[in-house]
file input-v4.cif (mmCIF, C-alpha atoms and all ligand atoms)
data_query
loop_
_atom_site.label_atom_id
_atom_site.label_comp_id
_atom_site.auth_asym_id
_atom_site.auth_seq_id
_atom_site.Cartn_x
_atom_site.Cartn_y
_atom_site.Cartn_z
CA MET A 111 -15.76 26.12 -9.07
CA LYS A 112 -12.83 24.17 -7.80
CA THR A 113 -9.46 24.20 -9.54
CA CYS A 114 -7.52 21.11 -10.62
CA LYS A 115 -5.19 21.69 -7.73
CA GLU A 116 -8.04 21.55 -5.25
CA VAL A 117 -9.65 18.59 -6.95
CA HIS A 118 -6.52 16.43 -7.09
CA ARG A 119 -6.18 16.98 -3.38
CA LEU A 120 -9.75 15.91 -2.71
CA VAL A 121 -9.38 12.88 -4.96
CA ILE A 122 -6.47 11.73 -2.83
CA GLU A 123 -8.02 12.58 0.49
CA GLY A 124 -11.13 10.71 -0.56
CA GLN A 125 -9.07 7.53 -0.28
CA ASP A 126 -8.41 8.13 3.38
CA ARG A 127 -11.40 9.98 4.71
CA GLN A 128 -15.08 10.32 3.95
CA LEU A 129 -15.53 13.44 1.83
CA SER A 130 -18.46 15.69 2.64
CA ARG A 131 -21.45 15.66 0.34
CA MET A 132 -20.52 19.02 -1.09
CA GLU A 133 -16.95 17.92 -1.68
CA ARG A 134 -18.08 14.80 -3.48
CA ILE A 135 -20.43 16.72 -5.71
CA SER A 136 -17.91 19.36 -6.65
CA VAL A 137 -15.32 16.67 -7.45
CA ARG A 138 -17.82 14.77 -9.62
CA ILE A 139 -18.72 17.88 -11.56
CA HIS A 140 -15.11 18.82 -12.10
CA LEU A 141 -14.22 15.32 -13.29
CA MET A 142 -17.04 15.38 -15.81
CA MET A 143 -15.39 18.33 -17.46
CA CYS A 144 -11.68 17.77 -16.92
CA GLY A 145 -9.75 15.01 -18.66
CA ALA A 146 -6.53 15.75 -16.80
CA CYS A 147 -8.10 15.19 -13.40
CA ARG A 148 -9.90 12.09 -14.67
CA ARG A 149 -6.50 10.67 -15.56
CA PHE A 150 -5.19 11.54 -12.15
CA GLU A 151 -8.15 9.84 -10.52
CA ALA A 152 -7.54 6.75 -12.65
CA GLN A 153 -3.89 6.72 -11.56
CA MET A 154 -4.90 6.77 -7.91
CA GLY A 155 -7.38 3.97 -8.50
CA PHE A 156 -4.69 1.95 -10.19
CA LEU A 157 -2.29 2.55 -7.34
CA ARG A 158 -4.74 1.18 -4.83
CA GLN A 159 -5.51 -1.83 -6.98
CA ALA A 160 -1.81 -2.57 -7.39
CA LEU A 161 -1.10 -2.31 -3.68
CA ARG A 162 -3.95 -4.62 -2.78
CA ARG A 163 -2.42 -7.21 -5.10
CA PHE A 164 1.12 -6.70 -3.84
CA PRO A 165 3.39 -8.75 -3.88
CA GLY A 166 1.66 -10.20 -6.93
CA ASP A 167 0.30 -13.69 -7.61
CA MET B 64 9.11 -25.86 12.66
CA ASN B 65 9.39 -26.59 16.32
CA GLY B 66 6.12 -27.15 18.01
CA ALA B 67 4.30 -28.31 14.90
CA ASN B 68 4.63 -31.92 15.98
CA SER B 69 3.06 -31.26 19.32
CA THR B 70 -0.31 -30.59 17.71
CA GLY B 71 -2.14 -33.71 16.65
CA ASP B 72 -3.29 -32.46 13.27
CA ALA B 73 0.13 -31.35 12.09
CA VAL B 74 1.30 -34.58 10.54
CA ARG B 75 4.35 -34.19 8.36
CA ASP B 76 3.63 -33.18 4.81
CA PRO B 77 6.97 -32.81 2.99
CA ALA B 78 5.48 -31.58 -0.27
CA PHE B 79 3.62 -28.83 1.47
CA GLU B 80 6.65 -27.88 3.53
CA THR B 81 8.73 -27.63 0.37
CA GLU B 82 6.22 -25.23 -1.10
CA LEU B 83 6.34 -23.14 2.04
CA GLN B 84 10.12 -23.06 1.91
CA HIS B 85 9.91 -21.94 -1.67
CA LEU B 86 7.74 -18.96 -0.74
CA ARG B 87 9.78 -18.03 2.28
CA PRO B 88 11.94 -15.32 0.64
CA THR B 89 8.88 -13.56 -0.77
CA LEU B 90 7.13 -13.61 2.59
CA LEU B 91 10.22 -12.40 4.39
CA ARG B 92 10.59 -9.50 2.02
CA PHE B 93 6.96 -8.63 2.52
CA ALA B 94 7.27 -8.75 6.31
CA LEU B 95 10.47 -6.76 6.26
CA LEU B 96 8.86 -3.98 4.27
CA HIS B 97 6.39 -3.45 7.10
CA LEU B 98 8.42 -4.28 10.17
CA ARG B 99 11.87 -3.11 9.08
CA ASP B 100 13.55 -5.46 11.46
CA GLU B 101 14.92 -8.85 10.43
CA GLN B 102 14.12 -10.58 13.69
CA SER B 103 10.48 -9.49 13.77
CA ALA B 104 10.13 -10.41 10.11
CA GLU B 105 11.52 -13.89 10.79
CA ASP B 106 9.15 -14.28 13.70
CA VAL B 107 5.99 -13.41 11.82
CA VAL B 108 6.95 -15.67 8.92
CA GLN B 109 7.53 -18.53 11.36
CA ASP B 110 4.15 -17.87 12.92
CA THR B 111 2.60 -17.85 9.49
CA PHE B 112 4.13 -21.23 8.60
CA LEU B 113 2.90 -22.69 11.83
CA ALA B 114 -0.60 -21.42 11.17
CA ALA B 115 -0.39 -22.71 7.61
CA LEU B 116 0.67 -26.18 8.72
CA GLN B 117 -2.09 -26.34 11.27
CA GLY B 118 -4.72 -24.96 8.96
CA ARG B 119 -3.76 -26.62 5.71
CA GLY B 120 -6.75 -28.98 5.95
CA LYS B 121 -8.98 -25.98 5.37
CA PHE B 122 -6.96 -24.99 2.38
CA ALA B 123 -7.90 -26.88 -0.75
CA GLY B 124 -6.43 -25.23 -3.83
CA ARG B 125 -2.67 -24.95 -3.90
CA ALA B 126 -2.79 -22.56 -6.83
CA GLN B 127 -3.65 -19.71 -4.47
CA LEU B 128 -1.18 -20.76 -1.79
CA LYS B 129 0.77 -17.53 -1.92
CA THR B 130 -2.35 -15.37 -1.67
CA TRP B 131 -3.52 -17.42 1.28
CA LEU B 132 -0.16 -17.18 3.06
CA VAL B 133 0.10 -13.45 2.45
CA ALA B 134 -3.36 -13.04 4.00
CA ILE B 135 -2.26 -14.91 7.13
CA LEU B 136 1.02 -13.03 7.23
CA ARG B 137 -0.76 -9.71 6.87
CA ASN B 138 -2.78 -10.45 10.03
CA LYS B 139 0.32 -11.47 11.93
CA ILE B 140 2.03 -8.24 10.93
CA VAL B 141 -0.96 -6.14 11.98
CA ASP B 142 -0.95 -7.90 15.37
CA ARG B 143 2.73 -7.19 15.73
CA ILE B 144 2.30 -3.53 14.83
CA ARG B 145 -0.54 -3.21 17.33
CA GLN B 146 1.63 -4.74 20.02
CA ARG B 147 4.51 -2.46 19.50
CA GLY B 148 2.72 0.64 18.24
CA ARG B 149 2.38 2.31 21.57
CA GLU B 150 5.89 1.50 22.66
CA ALA B 151 7.56 2.97 19.61
CA PRO B 152 5.88 6.02 18.15
CA LEU B 153 6.84 6.99 14.66
CA PRO B 154 10.17 8.78 14.43
CA GLY B 155 10.29 12.22 12.89
CA LEU B 156 6.59 12.66 12.39
CA ASP B 157 5.47 15.90 13.86
CA GLU B 158 3.13 18.68 12.89
CA ASP B 159 5.89 20.21 10.78
CA GLU B 160 5.04 17.68 8.13
CA GLY B 161 1.92 19.73 7.66
CA ASP B 162 3.31 22.04 5.01
CA ALA B 163 1.33 20.78 2.11
CA ASP B 164 2.98 22.74 -0.65
CA ALA B 165 5.55 20.21 -1.74
CA PHE B 166 3.67 19.36 -4.93
CA ASP B 167 2.64 22.89 -5.84
CA ALA B 168 4.99 22.87 -8.80
CA LEU B 169 2.63 20.47 -10.54
CA PHE B 170 0.17 23.31 -10.93
CA ALA B 171 0.15 26.69 -12.60
CA ALA B 172 -0.76 29.79 -10.62
CA ASP B 173 -4.38 29.51 -11.76
CA GLY B 174 -4.63 25.98 -10.32
CA HIS B 175 -4.46 24.09 -13.63
CA TRP B 176 -2.10 21.18 -14.25
CA GLN B 177 1.24 22.29 -15.65
CA GLU B 178 1.33 19.04 -17.50
CA LYS B 179 -1.59 16.68 -18.04
CA PRO B 180 -1.13 13.46 -16.06
CA ALA B 181 -0.09 10.56 -18.29
CA ALA B 182 -2.49 7.82 -19.25
CA TRP B 183 -1.33 4.66 -17.51
CA GLY B 184 -3.07 2.43 -20.00
CA ASN B 185 -4.59 -0.90 -19.18
CA PRO B 186 -3.80 -1.64 -15.54
CA GLU B 187 -4.17 -5.40 -15.92
CA ALA B 188 -1.22 -5.49 -18.29
CA SER B 189 1.04 -4.10 -15.58
CA LEU B 190 -0.53 -6.02 -12.71
CA GLN B 191 0.25 -9.31 -14.38
CA GLN B 192 3.97 -8.71 -14.60
CA SER B 193 6.06 -9.69 -11.63
CA ARG B 194 8.63 -7.07 -12.55
CA PHE B 195 5.99 -4.44 -11.91
CA TYR B 196 5.76 -5.47 -8.26
CA ASP B 197 9.52 -5.20 -7.93
CA VAL B 198 9.33 -1.61 -9.13
CA LEU B 199 6.41 -0.94 -6.81
CA GLU B 200 8.38 -2.28 -3.88
CA LEU B 201 11.40 -0.25 -4.86
CA CYS B 202 9.24 2.87 -4.95
CA MET B 203 7.77 2.16 -1.53
CA LYS B 204 11.23 1.64 -0.09
CA ALA B 205 12.32 4.93 -1.59
CA LEU B 206 9.78 6.75 0.58
CA PRO B 207 11.07 8.32 3.78
CA GLU B 208 10.55 5.80 6.57
CA ASN B 209 7.70 7.58 8.31
CA LEU B 210 5.76 7.97 5.08
CA CYS B 211 6.39 4.38 4.14
CA ARG B 212 5.18 3.05 7.47
CA VAL B 213 1.93 4.98 7.49
CA PHE B 214 1.32 4.28 3.85
CA THR B 215 1.90 0.54 3.94
CA MET B 216 -0.28 0.24 7.04
CA ARG B 217 -3.02 1.96 5.15
CA GLU B 218 -2.72 0.39 1.73
CA ILE B 219 -1.22 -3.02 2.18
CA LEU B 220 -2.32 -3.97 5.66
CA GLU B 221 -5.58 -2.18 4.86
CA MET B 222 -5.96 -0.60 8.27
CA GLU B 223 -8.41 2.25 8.78
CA THR B 224 -6.93 5.75 8.92
CA GLU B 225 -8.28 6.32 12.43
CA GLU B 226 -6.61 3.22 13.74
CA ILE B 227 -3.28 4.09 12.17
CA CYS B 228 -3.32 7.54 13.77
CA LYS B 229 -4.15 6.02 17.10
CA GLU B 230 -1.43 3.38 16.91
CA LEU B 231 1.19 5.91 15.89
CA GLN B 232 -0.12 8.69 18.10
CA ILE B 233 -0.38 11.27 15.40
CA SER B 234 -3.25 13.62 14.62
CA THR B 235 -5.76 12.67 11.96
CA SER B 236 -4.99 15.68 9.81
CA ASN B 237 -1.31 14.85 10.02
CA CYS B 238 -2.10 11.34 8.95
CA TRP B 239 -3.88 12.62 5.85
CA VAL B 240 -0.97 14.83 4.95
CA VAL B 241 1.46 11.96 5.28
CA LEU B 242 -0.72 9.71 3.15
CA TYR B 243 -1.14 12.46 0.60
CA ARG B 244 2.60 12.82 0.26
CA ALA B 245 3.19 9.12 0.06
CA ARG B 246 0.65 8.72 -2.73
CA MET B 247 2.07 11.63 -4.68
CA ARG B 248 5.61 10.36 -4.40
CA LEU B 249 4.66 6.86 -5.33
CA ARG B 250 2.82 8.13 -8.35
CA GLU B 251 5.88 10.11 -9.37
CA CYS B 252 8.15 7.13 -8.89
CA LEU B 253 5.96 4.74 -10.89
CA GLN B 254 5.64 7.29 -13.65
CA LEU B 255 9.40 7.55 -13.82
CA ARG B 256 10.42 3.94 -13.36
CA TRP B 257 7.60 2.01 -14.90
CA PHE B 258 5.19 3.96 -17.03
CA GLY B 259 7.86 6.23 -18.43
CA GLU B 260 9.61 3.27 -20.02
CA GLY B 261 6.94 2.59 -22.58
CA VAL B 262 5.04 -0.18 -20.87
CA PRO B 263 2.04 -2.00 -22.32
CA ALA B 264 -0.60 0.54 -23.24
CA GLU B 265 -3.70 -1.50 -24.06
ZN ZN C 1 -9.03 19.26 -13.40
#

call {"tool": "encode", "arguments": {"input": "input-v4.cif", "output": "structure tokens"}}
result
Amino acid sequence: MKTCKEVHRLVIEGQDRQLSRMERISVRIHLMMCGACRRFEAQMGFLRQALRRFPGD
Amino acid sequence: MNGANSTGDAVRDPAFETELQHLRPTLLRFALLHLRDEQSAEDVVQDTFLAALQGRGKFAGRAQLKTWLVAILRNKIVDRIRQRGREAPLPGLDEDEGDADAFDALFAADGHWQEKPAAWGNPEASLQQSRFYDVLELCMKALPENLCRVFTMREILEMETEEICKELQISTSNCWVVLYRARMRLRECLQLRWFGEGVPAE
């Protein structure tokens, strides 16, 4: 089992590199069970969305 | 707009030129964020206006003018970075940046969050406020220069990680570490300066 610390790291790295199959699966499983990391993942998703829209409409 | 008259299709269009002028400060700021040099920023904005004047026939809806111009500008900036990338490697980016423990304090010894990340609510509510983008820009500028450069290349110019590493002559793993740090700092900054202020939840 991965810890939150390991998972947050993989969530971020997943934005810049292709995670391995095992990494993806372990992240998925962790996120299913952990609300804190789900929030973190949502924050990262938001960040990307915001930057793609920068400097706004 | 020197040179515009020399091309047959660039007939004068004062209304359009006024709109371009109006957007100039925004575009300059955008270019400056990436290039960090007034002259280069001026140049790419000029190039963008020239391209816009020549290509405005292809552009129908004025409502999206800014989006269209930013897309052109983004390409011009990427070209410029590619040109100068190999001449000027990133300052102060060496393997020392590899110590990845800067954000360890966020976690307890057992690897759990010390504090649950905050819910950032409905993203659309923030994304529709122009003040949000000011804060976002402020947070990007607050990053150390090397982090900011790599990060904006990745997220705003949407370059692939491999290409960024190659342009800046840094190792791939170093690139990931830099991006990791930039994302974590940006998150922290937005939490503090935007989401911490009681912004629209739903
Ligand atoms: Zn977790």

call {"tool": "interface_residues", "arguments": {"input": "input-v4.cif", "of": "chain A", "to": "chain B", "cutoff": "10 Å", "atoms": "all atoms listed in the file", "output": "count of residues only"}}
result
39

call {"tool": "atom_distance", "arguments": {"input": "input-v4.cif", "atom1": "CA of Glu82 in chain B", "atom2": "CA of Trp131 in chain B"}}
result
12.7 Å

call {"tool": "atom_distance", "arguments": {"input": "input-v4.cif", "atom1": "CA of Ala165 in chain B", "atom2": "CA of Leu95 in chain B"}}
result
28.6 Å

call {"tool": "atom_distance", "arguments": {"input": "input-v4.cif", "atom1": "CA of Ala114 in chain B", "atom2": "CA of Leu86 in chain B"}}
result
14.7 Å

call {"tool": "residues_around", "arguments": {"input": "input-v4.cif", "residues": "Met132 in chain A", "least_positions_apart": "4", "cutoff": "12 Å", "atoms": "all atoms listed in the file", "output": "CSV table (one decimal) with C-alpha atoms, in the coordinates of the input"}}
result
chain,number,residue,atom,x,y,z
A,111,MET,CA,-15.8,26.1,-9.1
A,112,LYS,CA,-12.8,24.2,-7.8
A,120,LEU,CA,-9.8,15.9,-2.7
A,128,GLN,CA,-15.1,10.3,4.0
A,136,SER,CA,-17.9,19.4,-6.6
A,137,VAL,CA,-15.3,16.7,-7.4
A,138,ARG,CA,-17.8,14.8,-9.6
A,139,ILE,CA,-18.7,17.9,-11.6
